[in-house]
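Shown next: run-v3.cif, containing mmCIF, C-alpha atoms.
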```cif
data_structure
#
loop_
_atom_site.label_atom_id
_atom_site.label_comp_id
_atom_site.auth_asym_id
_atom_site.auth_seq_id
_atom_site.Cartn_x
_atom_site.Cartn_y
_atom_site.Cartn_z
CA MET N 1 8.60 57.86 -28.82
CA LYS N 2 7.78 60.34 -26.05
CA ILE N 3 4.56 59.95 -24.22
CA TYR N 4 2.94 63.15 -22.81
CA LYS N 5 0.52 62.88 -19.91
CA ILE N 6 -2.36 65.31 -20.16
CA ILE N 7 -4.71 65.76 -17.23
CA HIS N 8 -8.06 67.31 -17.91
CA PRO N 9 -8.81 70.48 -15.84
CA LEU N 10 -11.89 68.81 -14.29
CA LEU N 11 -9.66 66.02 -13.04
CA TRP N 12 -7.37 68.60 -11.43
CA SER N 13 -10.35 70.00 -9.56
CA LEU N 14 -11.33 66.57 -8.31
CA LEU N 15 -7.77 65.91 -7.16
CA LEU N 16 -7.67 69.20 -5.25
CA ILE N 17 -10.96 68.44 -3.53
CA PHE N 18 -9.65 64.99 -2.58
CA TYR N 19 -6.41 66.49 -1.20
CA SER N 20 -8.32 69.04 0.85
CA ALA N 21 -10.56 66.35 2.32
CA CYS N 22 -7.61 64.13 3.22
CA SER N 23 -5.25 66.79 4.52
CA GLY N 24 -7.08 67.19 7.86
CA GLU N 25 -7.50 70.93 7.38
CA GLU N 26 -10.94 72.29 8.19
CA PRO N 27 -12.27 75.06 5.96
CA GLU N 28 -12.53 78.39 7.73
CA ALA N 29 -15.99 79.14 9.10
CA ALA N 30 -17.76 81.98 7.40
CA PRO N 31 -18.13 85.02 9.67
CA THR N 32 -21.58 85.34 11.19
CA ASN N 33 -23.63 88.49 11.30
CA ASP N 34 -25.80 87.46 14.24
CA ILE N 35 -26.45 89.34 17.46
CA VAL N 36 -25.18 87.53 20.55
CA LEU N 37 -26.45 88.48 24.01
CA ARG N 38 -24.54 87.12 26.97
CA PHE N 39 -25.97 87.16 30.50
CA VAL N 40 -23.83 87.37 33.62
CA THR N 41 -24.82 87.75 37.24
CA SER N 42 -23.32 90.82 38.84
CA GLY N 43 -21.08 89.83 41.75
CA ASN N 44 -21.80 87.12 44.33
CA LEU N 45 -24.00 87.22 47.41
CA THR N 46 -21.95 84.52 49.11
CA ARG N 47 -18.39 85.50 49.98
CA SER N 48 -15.52 83.59 51.55
CA GLY N 49 -14.88 86.40 54.03
CA SER N 50 -12.00 86.78 56.48
CA ALA N 51 -11.29 86.38 60.18
CA SER N 52 -12.51 89.89 60.93
CA ASN N 53 -15.45 89.79 58.48
CA PRO N 54 -16.67 86.18 58.21
CA GLY N 55 -18.39 84.95 55.07
CA SER N 56 -21.69 83.16 54.77
CA ASN N 57 -22.32 79.90 56.59
CA VAL N 58 -25.48 79.10 54.64
CA ASP N 59 -25.92 77.19 51.40
CA PRO N 60 -26.54 77.65 48.51
CA GLY N 61 -23.24 79.10 47.46
CA THR N 62 -22.18 81.10 44.44
CA ASP N 63 -22.91 78.37 41.88
CA ALA N 64 -26.56 78.29 42.88
CA GLU N 65 -26.71 82.07 43.00
CA ASN N 66 -25.52 82.25 39.38
CA ARG N 67 -27.94 79.67 37.98
CA ILE N 68 -30.07 80.78 35.01
CA ASP N 69 -32.97 78.49 34.14
CA ASN N 70 -34.74 80.81 31.70
CA VAL N 71 -34.57 84.32 30.29
CA ALA N 72 -36.99 86.75 28.70
CA VAL N 73 -35.68 89.61 26.53
CA TRP N 74 -37.63 92.68 25.38
CA PHE N 75 -36.34 94.89 22.54
CA TYR N 76 -37.74 98.44 22.33
CA THR N 77 -36.77 101.33 20.10
CA ALA N 78 -33.83 103.34 21.42
CA ASN N 79 -34.85 105.85 24.09
CA ALA N 80 -38.39 104.49 23.93
CA THR N 81 -41.27 106.22 25.68
CA ASP N 82 -43.30 104.41 28.32
CA ASP N 83 -46.17 103.67 25.90
CA ALA N 84 -43.88 101.81 23.47
CA THR N 85 -44.58 98.14 22.76
CA PRO N 86 -41.75 95.64 22.15
CA LEU N 87 -40.28 95.35 18.69
CA LEU N 88 -39.21 91.82 19.60
CA TYR N 89 -39.77 89.50 22.55
CA VAL N 90 -37.54 86.43 22.95
CA ILE N 91 -37.57 83.71 25.59
CA GLY N 92 -35.06 80.94 26.19
CA GLY N 93 -34.39 78.20 28.72
CA SER N 94 -31.24 77.23 30.65
CA VAL N 95 -29.09 79.72 28.81
CA SER N 96 -26.14 81.98 29.46
CA SER N 97 -26.50 83.56 26.01
CA LEU N 98 -28.96 84.07 23.15
CA VAL N 99 -28.22 84.29 19.42
CA LEU N 100 -30.53 86.38 17.24
CA THR N 101 -30.10 85.88 13.51
CA GLN N 102 -30.36 88.60 10.92
CA LYS N 103 -33.39 86.82 9.48
CA ALA N 104 -35.20 86.87 12.84
CA LEU N 105 -34.53 90.59 13.20
CA GLU N 106 -35.66 91.33 9.65
CA GLU N 107 -38.90 89.44 10.29
CA ALA N 108 -39.46 91.78 13.26
CA LYS N 109 -38.73 94.74 10.93
CA MET N 110 -35.52 95.48 12.83
CA SER N 111 -32.04 96.27 11.59
CA ILE N 112 -29.12 94.18 12.77
CA ASN N 113 -27.13 97.43 12.95
CA GLY N 114 -29.81 99.32 14.83
CA SER N 115 -29.85 100.85 18.33
CA TYR N 116 -32.30 99.49 20.90
CA ASP N 117 -33.33 99.50 24.55
CA LEU N 118 -33.01 95.97 25.96
CA TYR N 119 -34.66 94.61 29.10
CA VAL N 120 -33.83 91.14 30.42
CA ALA N 121 -35.50 89.09 33.16
CA ALA N 122 -34.14 85.73 34.34
CA ASN N 123 -35.82 82.99 36.38
CA LEU N 124 -39.22 84.67 36.49
CA PRO N 125 -41.81 82.68 38.46
CA SER N 126 -44.88 81.38 36.67
CA ASN N 127 -47.25 83.87 38.31
CA THR N 128 -45.83 86.91 36.48
CA SER N 129 -47.93 88.36 33.67
CA VAL N 130 -45.40 90.27 31.56
CA ASP N 131 -45.08 89.11 27.95
CA GLY N 132 -44.48 90.22 24.38
CA SER N 133 -47.23 92.84 24.51
CA THR N 134 -46.07 94.58 27.70
CA THR N 135 -45.38 98.28 27.21
CA LEU N 136 -42.12 99.72 28.45
CA GLY N 137 -43.76 101.74 31.22
CA VAL N 138 -45.60 98.70 32.57
CA LEU N 139 -42.46 96.56 32.38
CA LYS N 140 -40.26 99.08 34.22
CA GLY N 141 -42.83 99.46 36.99
CA TYR N 142 -43.93 95.84 37.17
CA ALA N 143 -43.99 94.05 40.54
CA TYR N 144 -45.39 90.72 41.65
CA ILE N 145 -46.15 89.01 44.94
CA ALA N 146 -43.72 86.18 45.64
CA SER N 147 -45.13 82.98 47.09
CA ASP N 148 -41.82 82.02 48.74
CA ARG N 149 -38.63 83.63 49.96
CA PRO N 150 -35.80 83.86 47.41
CA ALA N 151 -33.92 80.68 46.61
CA SER N 152 -32.01 79.23 43.70
CA PRO N 153 -32.68 79.93 40.88
CA PHE N 154 -32.84 83.58 41.98
CA SER N 155 -34.97 86.03 40.02
CA MET N 156 -32.88 88.81 38.45
CA THR N 157 -33.08 91.55 35.86
CA GLY N 158 -30.88 93.86 33.81
CA SER N 159 -31.13 96.39 30.98
CA LEU N 160 -29.16 98.27 28.33
CA THR N 161 -30.31 101.65 27.06
CA ASN N 162 -29.71 102.82 23.49
CA TYR N 163 -27.28 100.03 22.70
CA ASP N 164 -25.85 100.39 19.19
CA PHE N 165 -25.33 96.99 17.51
CA SER N 166 -23.42 98.59 14.65
CA VAL N 167 -20.59 99.08 17.15
CA GLY N 168 -20.56 95.44 18.27
CA LYS N 169 -22.78 92.46 17.53
CA GLU N 170 -21.94 90.80 20.86
CA THR N 171 -22.74 92.41 24.20
CA THR N 172 -23.08 91.39 27.83
CA VAL N 173 -26.09 92.21 30.00
CA PRO N 174 -25.29 92.25 33.76
CA LEU N 175 -28.15 90.84 35.86
CA LEU N 176 -28.95 91.97 39.40
CA ARG N 177 -30.56 89.50 41.78
CA HIS N 178 -33.63 90.76 43.63
CA ALA N 179 -32.37 88.94 46.71
CA VAL N 180 -30.39 90.25 49.64
CA LYS N 181 -28.11 87.97 51.64
CA LEU N 182 -28.67 88.89 55.29
CA GLU N 183 -25.82 87.71 57.52
CA ILE N 184 -26.16 88.19 61.27
CA THR N 185 -23.22 87.85 63.64
CA LEU N 186 -24.04 87.59 67.36
CA VAL N 187 -21.32 88.49 69.86
CA ASN N 188 -21.75 87.85 73.58
CA GLU N 189 -20.46 90.88 75.50
CA THR N 190 -22.52 90.27 78.64
CA ALA N 191 -21.79 86.77 79.98
CA ASN N 192 -18.43 85.47 81.07
CA ALA N 193 -17.01 83.87 77.94
CA ALA N 194 -14.74 81.62 79.98
CA THR N 195 -17.70 79.87 81.64
CA ASN N 196 -19.61 79.69 78.31
CA GLN N 197 -22.91 80.29 80.09
CA TRP N 198 -24.87 81.58 77.17
CA THR N 199 -27.15 80.16 74.49
CA ILE N 200 -28.75 81.64 71.39
CA ASN N 201 -32.21 80.09 71.36
CA ASN N 202 -33.34 81.41 67.97
CA VAL N 203 -33.09 84.30 65.53
CA VAL N 204 -36.29 85.61 63.96
CA ILE N 205 -36.57 87.88 60.90
CA LYS N 206 -39.91 89.69 60.64
CA ASN N 207 -41.63 91.89 58.04
CA ASP N 208 -39.41 91.05 55.06
CA GLN N 209 -40.76 92.11 51.70
CA GLN N 210 -43.04 89.82 49.68
CA LYS N 211 -43.56 92.24 46.78
CA VAL N 212 -40.81 91.99 44.17
CA SER N 213 -40.18 94.85 41.74
CA LEU N 214 -38.52 93.75 38.49
CA PHE N 215 -36.51 96.80 37.51
CA LYS N 216 -37.17 99.62 39.98
CA PRO N 217 -35.99 99.54 43.60
CA LEU N 218 -38.83 99.33 46.09
CA THR N 219 -39.92 102.50 47.84
CA THR N 220 -42.58 101.06 50.17
CA GLY N 221 -42.68 98.09 52.49
CA SER N 222 -46.39 97.42 52.91
CA ASP N 223 -46.47 94.00 51.19
CA THR N 224 -44.64 91.74 53.63
CA PHE N 225 -44.71 88.03 54.38
CA THR N 226 -47.15 87.15 57.15
CA SER N 227 -44.89 84.36 58.41
CA ASN N 228 -41.49 84.91 60.01
CA ILE N 229 -38.09 83.43 59.18
CA ASN N 230 -36.88 81.33 62.10
CA LEU N 231 -33.15 80.61 62.11
CA THR N 232 -30.84 78.52 64.27
CA ALA N 233 -27.57 80.28 64.96
CA THR N 234 -24.35 78.38 64.30
CA LYS N 235 -21.68 78.65 66.99
CA VAL N 236 -18.34 80.01 65.76
CA ASP N 237 -16.49 80.17 69.08
CA ASP N 238 -17.23 80.72 72.77
CA THR N 239 -18.47 84.26 72.21
CA THR N 240 -19.71 84.33 68.60
CA SER N 241 -22.56 82.74 66.63
CA GLN N 242 -23.89 83.37 63.14
CA ALA N 243 -27.16 83.05 61.24
CA SER N 244 -27.97 83.81 57.60
CA ALA N 245 -30.96 84.00 55.28
CA TYR N 246 -31.99 85.23 51.84
CA ILE N 247 -34.71 87.88 51.70
CA TYR N 248 -36.00 90.11 48.92
CA GLU N 249 -34.89 93.71 48.65
CA SER N 250 -36.86 95.34 51.47
CA ALA N 251 -37.88 98.70 52.85
CA SER N 252 -37.17 97.42 56.37
CA VAL N 253 -36.92 94.25 58.44
CA HIS N 254 -37.07 93.50 62.14
CA ILE N 255 -34.55 91.12 63.73
CA GLU N 256 -35.31 89.54 67.09
CA VAL N 257 -32.80 87.39 68.97
CA SER N 258 -33.78 85.17 71.90
CA ALA N 259 -30.86 84.27 74.18
CA THR N 260 -30.19 82.76 77.59
CA ILE N 261 -27.25 84.40 79.31
CA ASP N 262 -26.07 83.16 82.72
CA GLY N 263 -29.46 81.47 83.13
CA GLU N 264 -31.44 84.61 82.32
CA SER N 265 -33.68 84.89 79.23
CA ARG N 266 -33.22 88.00 77.17
CA ILE N 267 -34.60 89.41 73.92
CA TYR N 268 -32.53 91.61 71.63
CA VAL N 269 -33.98 93.51 68.68
CA LYS N 270 -32.58 95.34 65.66
CA ASP N 271 -34.30 97.12 62.77
CA LEU N 272 -32.73 97.48 59.32
CA THR N 273 -33.84 99.96 56.65
CA SER N 274 -33.84 100.04 52.85
CA SER N 275 -30.34 101.52 52.71
CA ASP N 276 -29.09 98.27 54.28
CA LEU N 277 -31.22 95.93 52.16
CA GLU N 278 -30.60 96.81 48.52
CA ARG N 279 -31.01 94.11 45.86
CA ASN N 280 -28.01 92.02 44.85
CA THR N 281 -26.03 92.84 48.00
CA THR N 282 -24.90 91.11 51.17
CA CYS N 283 -26.03 92.93 54.30
CA ARG N 284 -23.82 92.07 57.26
CA VAL N 285 -24.94 93.13 60.72
CA THR N 286 -23.19 92.45 64.02
CA LEU N 287 -25.33 92.40 67.18
CA ARG N 288 -23.38 92.76 70.39
CA LEU N 289 -25.43 91.11 73.13
CA ARG N 290 -25.31 93.47 76.07
CA ASP N 291 -28.06 94.69 78.35
CA LYS N 292 -29.10 96.90 75.43
CA ILE N 293 -28.10 96.91 71.77
#
```

Output the file's structure in the form of structure tokens.
Amino acid sequence: MKIYKIIHPLLWSLLLIFYSACSGEEPEAAPTNDIVLRFVTSGNLTRSGSASNPGSNVDPGTDAENRIDNVAVWFYTANATDDATPLLYVIGGSVSSLVLTQKALEEAKMSINGSYDLYVAANLPSNTSVDGSTTLGVLKGYAYIASDRPASPFSMTGSLTNYDFSVGKETTVPLLRHAVKLEITLVNETANAATNQWTINNVVIKNDQQKVSLFKPLTTGSDTFTSNINLTATKVDDTTSQASAYIYESASVHIEVSATIDGESRIYVKDLTSSDLERNTTCRVTLRLRDKI
């Protein structure tokens, strides 16, 4: 007698499920339809430099300059007018990216395939007053008075105009730091370098900007810190010293160097203007210490 083995279709299904679970193969993830915003700092203020153009000798370095502790993102209609209010306002902490789900956009009456103007601010201090009700015109022109000079985490902003998410759900927003890295190189061209009879007593930076504009470059320099930045120059060799500091983008600053050369006290001064002190840049200035700069 022949015996036929018949396996019920339901049992086949169970066997297939068991095989799939035991085979070690992960099921493919379903494609997402979310918007992903990635935030990157644009360039570095600290550079390694070269023999002819030395880099920074002041911490923090690039890691600290790229730190993002929090972000705020405003979505406006594409090519919005200055009286427009945000369609969506999102905040996040310690992030290099934000994911916005289709559901979140639909709740804000937005299309995941729509075009929008995006404005992003990172590491805003607590004394700023911009929020989810801030109109575009107010946001673009907003400025605040900083309580301290720039330091890590550095405040920074960026924007995208008329970005079409139907073209790509993921996009990167470059962020510009409001800080300027001011690097001062002092070269002794007066004293006899062989006898090393010269000393840099201190380097003072005066009238650096205290008012910080979020998105627009500053055009005036009336709001300045009342205190000065006092630096100690670091000796590089017998004729060269360096000093560095972070300041905010400024209309102008005044540099004053006190030196003793061959036993004689001297003061050297140098003024820098807004073209030298643009946000998210390193301004390098070399002062050659002669009878007159």

If you apply the PyMOL selection byres ((chain N and resi 129) around 10) to this file, what residues do you get, as a ChimeraX atom specification? /N:124-128,130-131,134,139,142-144

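What separates atom CA of Thr199 of chain N from atom CA of Asn230 of chain N is a distance of 15.8 Å.
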
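Near Ala121 of chain N, within 8 Å and counting only C-alpha atoms, sit Val71, Ala72, Val73, Ser155, Met156, Thr157, Gly158 and Leu214 of chain N, not including residues fewer than 5 positions from it in the same chain.
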
Shell around segment 83-92 of chain N at 6 Å using only C-alpha atoms, local window under 6 positions removed, as a PyMOL selection string = chain N and resi 70-76+132+135-136

### Query
Can you list, as a ChimeraX atom specification, every protein, DNA or RNA residue that comes within 12 Å of Thr219 of chain N when you count all atoms listed in the file, leaving out same-chain residues fewer than 4 positions away?
/N:141,143,209,211-213,223,249-252,273-275,277-278

- Would you mind telling me which residue in N:Asn280, N:Ser147, N:Ser159, N:Ser222 lies nearest to Val253 of chain N when using all atoms listed in the file?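 Among the listed residues, N:Ser222 lies closest to Val253 of chain N.
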
Given the PyMOL selection byres ((chain N and resi 112-120) around 9) and the file above, list the residues it selects as an MDAnalysis selection string. chainID N and resid 33:35 39 71:80 101:102 105:106 110:111 121:122 139:140 156:169 173 175 215

Counting only C-alpha atoms, closest pick from N:Lys103, N:Tyr268, N:Ser96, N:Ala233 relative to Ile184 of chain N is N:Ala233

task = Find, counting all atoms listed in the file, the residue in N:Cys283, N:Thr220, N:Asn202, N:Ile145 that gets nearest to Ser265 of chain N.
result =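 Between N:Cys283, N:Thr220, N:Asn202, N:Ile145, the residue approaching Ser265 of chain N most closely is N:Asn202.
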
Expressed in Å, the length from atom CA of Ala179 of chain N to atom CA of Lys235 of chain N is 25.1 Å

For the atom pair atom CA of Ser94 of chain N and atom CA of Lys216 of chain N, what is the interatomic distance in Å to one decimal place?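 Value for the atom CA of Ser94 of chain N-atom CA of Lys216 of chain N distance: 25.0 Å.
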
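Nearest to Glu189 of chain N of all the residues N:Glu170, N:Asp238, N:Asp271, N:Glu264 is N:Asp238, based on all atoms listed in the file.
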
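Of the listed residues N:Asn201, N:Thr171, N:Ser133, N:Asn66, the one whose atoms come nearest to Arg266 of chain N is N:Asn201, with distances taken using all atoms listed in the file.
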
request  = Identify which of the residues N:Ala146, N:Ala104, N:Ala245, N:Ile255 lies closest to Phe225 of chain N, counting only C-alpha atoms when measuring atom-to-atom distances.
outcome  =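 Among the listed residues, the smallest separation from Phe225 of chain N belongs to N:Ala146.
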
I'd like the neighbourhood of Asn188 of chain N as a PyMOL selection string, where a residue qualifies if any of its atoms comes within 7 Å (using only C-alpha atoms), though same-chain residues fewer than 3 positions away should be ignored. chain N and resi 191+239-240+288-289

Residues within 8 Å of Gly263 of chain N, only C-alpha atoms, excluding chain neighbours under 2 positions, as a ChimeraX atom specification = /N:197-198,260-261,265

Please save C-alpha atoms of the selected residues as a PDB file, keeping the file's coordinate frame.
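File again_4.pdb, as written:
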```
ATOM      1  CA  GLN N 197     -22.910  80.290  80.090  1.00  0.00           C
ATOM      2  CA  TRP N 198     -24.870  81.580  77.170  1.00  0.00           C
ATOM      3  CA  THR N 260     -30.190  82.760  77.590  1.00  0.00           C
ATOM      4  CA  ILE N 261     -27.250  84.400  79.310  1.00  0.00           C
ATOM      5  CA  SER N 265     -33.680  84.890  79.230  1.00  0.00           C
TER       6      SER N 265
END
```
